[in-house]
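Text of the file target34.cif, holding mmCIF, C-alpha atoms:
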data_final
#
loop_
_atom_site.label_atom_id
_atom_site.label_comp_id
_atom_site.auth_asym_id
_atom_site.auth_seq_id
_atom_site.Cartn_x
_atom_site.Cartn_y
_atom_site.Cartn_z
CA MET P 1 122.02 114.00 97.56
CA PRO P 2 122.45 115.08 101.18
CA SER P 3 125.17 117.57 101.96
CA LYS P 4 128.44 116.48 103.50
CA ALA P 5 127.95 118.68 106.54
CA LYS P 6 129.34 117.72 109.90
CA HIS P 7 127.86 114.66 111.56
CA ALA P 8 124.47 115.63 112.98
CA PRO P 9 123.55 114.23 116.39
CA VAL P 10 121.24 111.25 116.62
CA PRO P 11 117.66 112.51 117.05
CA THR P 12 116.42 112.26 120.61
CA ALA P 13 112.96 112.42 122.07
CA ALA P 14 111.64 115.17 124.28
CA PRO P 15 111.68 114.76 128.07
CA TYR P 16 109.57 111.96 129.48
CA THR P 17 107.57 111.27 132.61
CA LEU P 18 107.83 108.01 134.51
CA GLN P 19 104.39 106.41 134.83
CA THR P 20 102.95 103.01 135.55
CA LEU P 21 100.51 102.07 132.79
CA PRO P 22 98.10 99.16 132.42
CA VAL P 23 99.67 96.65 130.02
CA ARG P 24 96.39 96.41 128.10
CA SER P 25 96.57 100.14 127.29
CA ILE P 26 99.96 99.91 125.54
CA HIS P 27 99.81 99.26 121.79
CA ALA P 28 102.53 97.69 119.65
CA LEU P 29 102.51 98.87 116.04
CA ASP P 30 104.59 97.25 113.31
CA ASP P 31 105.15 100.73 111.82
CA ILE P 32 107.07 101.66 114.97
CA GLN P 33 108.72 98.29 115.70
CA PRO P 34 112.34 98.39 114.51
CA ARG P 35 112.83 94.63 114.55
CA SER P 36 111.86 92.16 111.86
CA TYR P 37 110.58 89.81 114.55
CA LEU P 38 110.67 89.28 118.31
CA SER P 39 112.81 86.54 119.82
CA ASP P 40 110.61 83.98 121.59
CA ILE P 41 113.59 82.99 123.74
CA VAL P 42 114.13 86.56 124.96
CA VAL P 43 110.40 87.07 125.58
CA GLU P 44 110.31 83.88 127.69
CA GLU P 45 113.45 84.88 129.64
CA TYR P 46 111.98 88.30 130.39
CA ALA P 47 108.61 86.77 131.34
CA THR P 48 110.41 84.54 133.83
CA LEU P 49 112.10 87.59 135.32
CA TYR P 50 108.74 89.37 135.63
CA ARG P 51 107.08 86.32 137.23
CA GLU P 52 109.91 85.78 139.72
CA ALA P 53 110.39 89.44 140.67
CA GLU P 54 109.92 90.13 144.34
CA GLY P 55 109.25 93.79 145.02
CA GLU P 56 111.68 95.47 142.61
CA GLU P 57 111.27 95.78 138.87
CA PRO P 58 113.59 93.24 137.23
CA LEU P 59 113.84 95.14 133.93
CA PRO P 60 114.03 98.81 132.95
CA PRO P 61 110.85 100.72 132.08
CA ILE P 62 109.71 100.55 128.48
CA ASP P 63 109.54 103.69 126.36
CA VAL P 64 106.11 104.65 125.11
CA PHE P 65 104.81 107.60 123.14
CA ARG P 66 101.46 109.16 123.83
CA VAL P 67 99.99 109.94 120.42
CA ASP P 68 96.43 111.28 120.18
CA GLY P 69 95.57 109.89 123.61
CA LYS P 70 96.90 106.37 122.96
CA TYR P 71 100.13 104.79 124.19
CA TYR P 72 102.49 103.14 121.69
CA VAL P 73 105.60 101.22 122.68
CA SER P 74 108.72 102.63 121.04
CA ASP P 75 111.47 100.74 122.89
CA GLY P 76 110.65 97.62 124.87
CA PHE P 77 108.66 95.38 122.52
CA HIS P 78 110.22 92.24 124.05
CA ARG P 79 109.50 93.50 127.58
CA LEU P 80 105.89 94.32 126.67
CA GLU P 81 105.30 90.84 125.23
CA ALA P 82 106.98 89.31 128.27
CA ALA P 83 104.74 91.33 130.60
CA LYS P 84 101.69 90.01 128.74
CA LEU P 85 103.01 86.44 128.95
CA ALA P 86 103.70 86.87 132.66
CA LYS P 87 100.17 88.26 133.08
CA ARG P 88 101.39 91.56 134.49
CA LYS P 89 98.65 94.11 134.92
CA ASP P 90 100.90 97.20 134.98
CA LEU P 91 104.30 98.14 133.62
CA PRO P 92 106.61 101.06 134.41
CA CYS P 93 107.00 103.31 131.38
CA GLN P 94 108.94 106.34 130.29
CA VAL P 95 106.16 108.27 128.59
CA TYR P 96 106.98 110.73 125.83
CA THR P 97 104.53 112.91 123.92
CA GLY P 98 104.96 113.00 120.17
CA SER P 99 104.02 111.46 116.86
CA GLN P 100 104.21 107.91 115.54
CA GLN P 101 107.12 109.06 113.37
CA GLU P 102 108.98 110.30 116.45
CA ALA P 103 108.22 107.01 118.21
CA MET P 104 109.63 105.07 115.24
CA ARG P 105 112.75 107.22 115.16
CA HIS P 106 113.25 106.92 118.92
CA GLY P 107 112.86 103.13 118.80
CA ALA P 108 115.18 102.78 115.82
CA PHE P 109 118.06 104.43 117.65
CA ALA P 110 117.31 102.96 121.11
CA ASN P 111 119.08 99.60 120.81
CA LEU P 112 122.07 100.63 118.75
CA LYS P 113 124.37 100.89 121.78
CA ARG P 114 122.57 98.79 124.42
CA GLY P 115 120.05 96.00 124.87
CA LEU P 116 119.46 93.13 122.47
CA ALA P 117 121.58 93.77 119.37
CA TYR P 118 119.85 94.38 116.06
CA SER P 119 120.19 91.69 113.40
CA HIS P 120 121.32 92.57 109.89
CA ASP P 121 117.67 92.39 108.75
CA ASP P 122 116.67 94.73 111.59
CA ARG P 123 119.33 97.24 110.53
CA GLN P 124 118.12 97.11 106.92
CA ARG P 125 114.51 97.63 108.05
CA ILE P 126 115.55 100.57 110.22
CA LEU P 127 117.69 102.05 107.43
CA GLU P 128 114.80 102.01 104.96
CA ARG P 129 112.49 103.68 107.45
CA LEU P 130 115.03 106.34 108.38
CA LEU P 131 115.75 107.09 104.74
CA GLN P 132 112.04 107.88 104.38
CA ASP P 133 112.04 110.09 107.49
CA PRO P 134 112.08 113.78 106.45
CA ASP P 135 114.52 114.76 109.22
CA VAL P 136 116.91 111.83 109.33
CA SER P 137 117.08 111.29 105.56
CA GLN P 138 118.94 114.60 105.21
CA ARG P 139 121.95 113.12 106.99
CA SER P 140 124.88 111.90 104.94
CA ASP P 141 125.35 108.25 103.98
CA ARG P 142 128.46 108.08 106.16
CA ALA P 143 126.71 109.56 109.21
CA LEU P 144 123.79 107.12 108.96
CA ALA P 145 126.17 104.23 108.32
CA ARG P 146 128.20 105.13 111.40
CA ASP P 147 125.08 105.29 113.60
CA LEU P 148 123.53 102.08 112.25
CA GLY P 149 126.67 99.95 112.06
CA LEU P 150 126.44 99.60 108.29
CA SER P 151 128.76 100.59 105.48
CA HIS P 152 128.20 103.91 103.72
CA VAL P 153 127.96 101.92 100.48
CA THR P 154 125.00 99.97 101.89
CA VAL P 155 123.30 103.22 102.91
CA GLY P 156 123.96 104.76 99.49
CA ARG P 157 122.56 101.75 97.65
CA ALA P 158 119.44 101.73 99.80
CA ARG P 159 118.99 105.47 99.29
CA HIS P 160 119.27 105.10 95.49
CA ARG P 161 116.94 102.07 95.41
CA LEU P 162 114.27 103.90 97.44
CA ALA P 163 114.61 106.99 95.22
CA ALA P 164 114.16 104.82 92.10
CA GLU P 165 111.07 103.19 93.59
CA ALA P 166 109.52 106.56 94.49
#

If you convert what's in this file into structure tokens, what do you get?
Amino acid sequence: MPSKAKHAPVPTAAPYTLQTLPVRSIHALDDIQPRSYLSDIVVEEYATLYREAEGEEPLPPIDVFRVDGKYYVSDGFHRLEAAKLAKRKDLPCQVYTGSQQEAMRHGAFANLKRGLAYSHDDRQRILERLLQDPDVSQRSDRALARDLGLSHVTVGRARHRLAAEA
């Protein structure tokens, strides 16, 4: 059982560089995607914004991780799909260097305080992934619950279920 040490800060990614990348070079992996599914309505709304943009970028850059020479979206799955739908060739990106695990962790925490809110299923999916993350899993049930907007009982049950399955 994790120690009851003081609340550890939410993991953050290393510094990034702002780059414009070809949309076709950005990969979306389910292992990184924090959401259970993308909202077609949101994708269409964002695609409309991209199509109607005149000069300025209508949406913030997406976050991508460069892992072994490939780019993987970490935060911005809806925006990436919208860019494809709008037939954008390039997309502004905040590019981090790291691992797929770091990309998953970064994406999991990205929308907790901003952007499209996570559904209950999304939070459960994220919780299970974070409980299997060697760094984040060491945090207390209460600390994870506080960060994910869940009860500490829910976190504890998930932790025990995953341990039993292991």

For P:Leu38, which residue out of P:Gln132, P:Ser151, P:Gln138, P:Ser119 is the nearest one, using only C-alpha atoms?
-> P:Ser119

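Interatomic distance, atom CA of P:Cys93 to atom CA of P:Tyr118: 21.9 Å.
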
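Across the structure, atom CA of P:Arg88 and atom CA of P:Leu21 are spaced 10.7 Å apart.
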
Shell of 12 Å around P:Arg79, all atoms listed in the file, local chain residues under 6 positions omitted, as number ranges by chain | P: 23, 26, 28, 38-50, 57-64, 73, 85-86, 88, 90-93, 115-116

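Shortest atom-to-atom contact with P:Ala108 among P:Ala164, P:Ala53, P:Ile32, P:Val95: P:Ile32, counting only C-alpha atoms.
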
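In this comparison, which uses all atoms listed in the file, the residue of P:Val67, P:Tyr72, P:Pro34, P:Glu81 approaching P:Leu148 most closely is P:Pro34.
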
List every protein, DNA or RNA residue that has an atom no more than 9 Å from (115.9, 110.5, 98.1) in the file's coordinate frame, counting all atoms listed in the file, and report them as a PyMOL selection string.
-> chain P and resi 1-2+131-132+137-138+159-164+166

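Among the candidates P:Leu144, P:Leu29, P:Ala83, P:Leu18, the one nearest to P:Gln124 when counting all atoms listed in the file is P:Leu144.
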
Spatial neighbours of P:Ala110, max dist 9 Å, all atoms listed in the file, sep filter under 5 positions, as a ChimeraX atom specification | /P:74-75,105,115

If we count all atoms listed in the file, what is near P:Tyr16 at a cut-off of 8 Å, once residues fewer than 4 positions away on the same chain are taken out, given as a list in words?
-> Gln94, Val95, Tyr96 and Thr97 of chain P

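Shortest separation to P:Ala145 among P:Leu80, P:Ala103, P:Ala117, P:Leu112 occurs at residue P:Leu112, atoms counted being all atoms listed in the file.
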
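Nearest to P:Gly107 of all the residues P:His120, P:Arg146, P:Arg139, P:Arg35 is P:Arg35, based on only C-alpha atoms.
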
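Here atom CA of P:Lys84 stands at a distance of 26.4 Å from atom CA of P:Arg123.
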
Could you list the residues chosen by the PyMOL selection byres ((chain P and resi 101) around 10) in this structure as number ranges by chain?
-> P: 31-32, 98-100, 102-107, 129-130, 133-134
